[in-house]
>>> print(open('target12.cif').read())   # mmCIF, C-alpha atoms
data_model
#
loop_
_atom_site.group_PDB
_atom_site.id
_atom_site.type_symbol
_atom_site.label_atom_id
_atom_site.label_comp_id
_atom_site.auth_asym_id
_atom_site.auth_seq_id
_atom_site.Cartn_x
_atom_site.Cartn_y
_atom_site.Cartn_z
ATOM 1 C CA MET A 1 249.890 -14.774 100.651
ATOM 2 C CA SER A 2 248.694 -13.935 104.094
ATOM 3 C CA GLU A 3 245.439 -15.137 105.562
ATOM 4 C CA GLY A 4 244.045 -11.593 105.309
ATOM 5 C CA SER A 5 244.854 -11.485 101.593
ATOM 6 C CA ASN A 6 243.071 -14.784 101.017
ATOM 7 C CA GLU A 7 240.010 -13.501 102.850
ATOM 8 C CA LYS A 8 239.960 -10.355 100.684
ATOM 9 C CA ILE A 9 240.199 -12.471 97.542
ATOM 10 C CA ASP A 10 237.383 -14.743 98.755
ATOM 11 C CA VAL A 11 235.201 -11.703 99.516
ATOM 12 C CA ALA A 12 235.945 -10.246 96.065
ATOM 13 C CA ILE A 13 235.084 -13.542 94.337
ATOM 14 C CA GLU A 14 231.830 -13.846 96.297
ATOM 15 C CA SER A 15 230.958 -10.272 95.304
ATOM 16 C CA ILE A 16 231.566 -11.078 91.635
ATOM 17 C CA LYS A 17 229.507 -14.280 91.923
ATOM 18 C CA LYS A 18 226.605 -12.238 93.335
ATOM 19 C CA LYS A 19 226.961 -9.876 90.379
ATOM 20 C CA ILE A 20 226.917 -12.869 88.017
ATOM 21 C CA LEU A 21 223.755 -14.259 89.642
ATOM 22 C CA ALA A 22 222.104 -10.838 89.410
ATOM 23 C CA ALA A 23 222.972 -10.749 85.702
ATOM 24 C CA LEU A 24 221.563 -14.264 85.250
ATOM 25 C CA GLU A 25 218.290 -13.014 86.748
ATOM 26 C CA THR A 26 217.889 -10.942 83.574
ATOM 27 C CA VAL A 27 217.916 -14.100 81.416
ATOM 28 C CA ILE A 28 214.249 -14.935 80.916
ATOM 29 C CA ASP A 29 212.937 -18.335 79.897
ATOM 30 C CA PRO A 30 210.932 -17.370 76.784
ATOM 31 C CA GLU A 31 208.345 -20.100 77.329
ATOM 32 C CA LEU A 32 207.624 -19.382 80.999
ATOM 33 C CA GLY A 33 208.443 -15.668 81.225
ATOM 34 C CA ILE A 34 210.454 -16.130 84.439
ATOM 35 C CA ASP A 35 214.199 -15.724 84.878
ATOM 36 C CA ILE A 36 216.408 -18.804 85.026
ATOM 37 C CA VAL A 37 217.614 -18.120 88.587
ATOM 38 C CA ASN A 38 214.106 -17.958 90.086
ATOM 39 C CA LEU A 39 213.098 -20.998 88.057
ATOM 40 C CA GLY A 40 215.872 -22.875 89.874
ATOM 41 C CA LEU A 41 217.712 -23.799 86.689
ATOM 42 C CA ILE A 42 221.109 -22.596 87.946
ATOM 43 C CA TYR A 43 222.840 -25.272 90.024
ATOM 44 C CA GLU A 44 226.302 -23.754 90.426
ATOM 45 C CA VAL A 45 228.369 -20.709 89.502
ATOM 46 C CA LYS A 46 232.161 -20.711 89.710
ATOM 47 C CA PHE A 47 234.430 -17.759 88.983
ATOM 48 C CA GLU A 48 238.203 -17.664 88.748
ATOM 49 C CA ASP A 49 240.496 -15.225 86.962
ATOM 50 C CA GLY A 50 237.784 -13.896 84.663
ATOM 51 C CA LYS A 51 236.515 -17.361 83.768
ATOM 52 C CA THR A 52 232.915 -18.104 84.663
ATOM 53 C CA PHE A 53 231.497 -21.601 84.791
ATOM 54 C CA VAL A 54 227.731 -22.070 85.029
ATOM 55 C CA LYS A 55 226.220 -25.475 85.766
ATOM 56 C CA MET A 56 222.532 -25.530 84.964
ATOM 57 C CA THR A 57 219.634 -27.669 83.919
ATOM 58 C CA LEU A 58 216.469 -27.150 81.912
ATOM 59 C CA THR A 59 212.869 -27.859 82.814
ATOM 60 C CA THR A 60 212.854 -30.801 80.367
ATOM 61 C CA ILE A 61 215.583 -32.727 78.553
ATOM 62 C CA GLY A 62 214.123 -31.916 75.130
ATOM 63 C CA CYS A 63 213.650 -28.211 75.888
ATOM 64 C CA PRO A 64 213.622 -26.402 72.525
ATOM 65 C CA MET A 65 214.935 -23.210 74.169
ATOM 66 C CA ALA A 66 218.284 -24.676 75.290
ATOM 67 C CA ASP A 67 220.375 -22.896 72.641
ATOM 68 C CA VAL A 68 218.502 -19.626 73.123
ATOM 69 C CA LEU A 69 219.062 -19.680 76.895
ATOM 70 C CA ILE A 70 222.745 -20.595 76.594
ATOM 71 C CA ASP A 71 223.281 -17.803 74.031
ATOM 72 C CA GLN A 72 221.536 -15.326 76.353
ATOM 73 C CA ILE A 73 223.724 -16.429 79.254
ATOM 74 C CA HIS A 74 226.886 -15.876 77.214
ATOM 75 C CA LYS A 75 225.774 -12.446 75.995
ATOM 76 C CA THR A 76 224.658 -11.334 79.451
ATOM 77 C CA LEU A 77 227.737 -12.470 81.344
ATOM 78 C CA GLU A 78 230.202 -11.254 78.723
ATOM 79 C CA GLU A 79 228.879 -7.731 79.359
ATOM 80 C CA LEU A 80 230.308 -7.860 82.894
ATOM 81 C CA ASP A 81 233.734 -6.225 83.184
ATOM 82 C CA GLU A 82 235.092 -9.035 85.357
ATOM 83 C CA VAL A 83 234.102 -11.847 82.991
ATOM 84 C CA TYR A 84 236.381 -12.837 80.108
ATOM 85 C CA GLU A 85 235.199 -16.340 79.388
ATOM 86 C CA VAL A 86 231.899 -18.165 79.919
ATOM 87 C CA LYS A 87 231.290 -21.897 79.918
ATOM 88 C CA VAL A 88 227.834 -23.374 80.429
ATOM 89 C CA GLN A 89 227.348 -27.031 81.299
ATOM 90 C CA LEU A 90 223.909 -28.589 81.022
ATOM 91 C CA VAL A 91 223.283 -31.327 83.565
ATOM 92 C CA TRP A 92 220.299 -33.574 84.107
ATOM 93 C CA GLN A 93 221.059 -34.795 87.624
ATOM 94 C CA PRO A 94 219.584 -33.897 89.931
ATOM 95 C CA ALA A 95 216.489 -33.611 87.805
ATOM 96 C CA TRP A 96 214.719 -30.242 87.896
ATOM 97 C CA THR A 97 211.385 -30.108 89.708
ATOM 98 C CA THR A 98 209.085 -27.246 90.634
ATOM 99 C CA LYS A 99 210.465 -27.516 94.189
ATOM 100 C CA ARG A 100 213.607 -25.744 92.925
ATOM 101 C CA MET A 101 211.592 -22.644 92.008
ATOM 102 C CA SER A 102 211.627 -19.557 94.195
ATOM 103 C CA ARG A 103 208.461 -18.361 95.885
ATOM 104 C CA TYR A 104 208.326 -15.522 93.348
ATOM 105 C CA ALA A 105 208.362 -17.959 90.413
ATOM 106 C CA ARG A 106 205.741 -20.196 92.025
ATOM 107 C CA VAL A 107 203.376 -17.275 92.603
ATOM 108 C CA ALA A 108 203.971 -15.883 89.105
ATOM 109 C CA LEU A 109 203.154 -19.253 87.526
ATOM 110 C CA GLY A 110 200.302 -20.122 89.902
ATOM 111 C CA ILE A 111 202.062 -23.143 91.404
ATOM 112 C CA ARG A 112 201.510 -24.042 95.041
#
>>> encode(input="target12.cif", output="structure tokens")
Amino acid sequence: MSEGSNEKIDVAIESIKKKILAALETVIDPELGIDIVNLGLIYEVKFEDGKTFVKMTLTTIGCPMADVLIDQIHKTLEELDEVYEVKVQLVWQPAWTTKRMSRYARVALGIR
């Protein structure tokens, strides 16, 4: 492959990753009413050959909505034409704090 081909592939993958993140913004935490991207729960998104890997955390280790959120992620991402497989990994390090939230989420929840 030429360098130009690699650059085109990288641009295409970045475009798909942006589409994946936009889709993840439609996954709403049912307890807080804010999407998981703006809450800062998404730590990493990888995409290769139709396989999507999402590394995320939850606001608390014992979060009762874990299964609901993971199911919503699968359903949402599997609707994308480019995505054939979804894997979600829950991680606890680094620990989630309100500092990971976007300005939008902070304002919506009244956090300074």
>>> resolve_selection(input="target12.cif", expression="the PyMOL selection byres ((chain A and resi 81-91) around 6)", output="number ranges by chain")
A: 50-57, 78, 80, 92-93
>>> closest_residue(input="target12.cif", among="A:Leu24, A:Asp49, A:Lys18, A:Ile61", to="Ile36 (chain A)", atoms="all atoms listed in the file")
A:Leu24
>>> atom_distance(input="target12.cif", atom1="CA of Thr76 (chain A)", atom2="CA of Ala108 (chain A)")
23.3 Å
>>> atom_distance(input="target12.cif", atom1="CA of Lys46 (chain A)", atom2="CA of Lys17 (chain A)")
7.3 Å
>>> atom_distance(input="target12.cif", atom1="CA of Ala23 (chain A)", atom2="CA of Lys8 (chain A)")
22.7 Å
>>> residues_around(input="target12.cif", residues="Arg112 (chain A)", least_positions_apart="6", cutoff="10 Å", atoms="all atoms listed in the file", output="list of chain:residue names")
A:Thr98, A:Lys99, A:Arg103, A:Arg106
>>> residues_near_point(input="target12.cif", point="(204.8, -15.5, 86.0)", cutoff="12 Å", atoms="only C-alpha atoms", output="MDAnalysis selection string")
chainID A and resid 28:35 38:39 101:111
>>> closest_residue(input="target12.cif", among="A:Ile20, A:Pro94, A:Glu7, A:Gly62", to="Tyr43 (chain A)", atoms="only C-alpha atoms")
A:Pro94
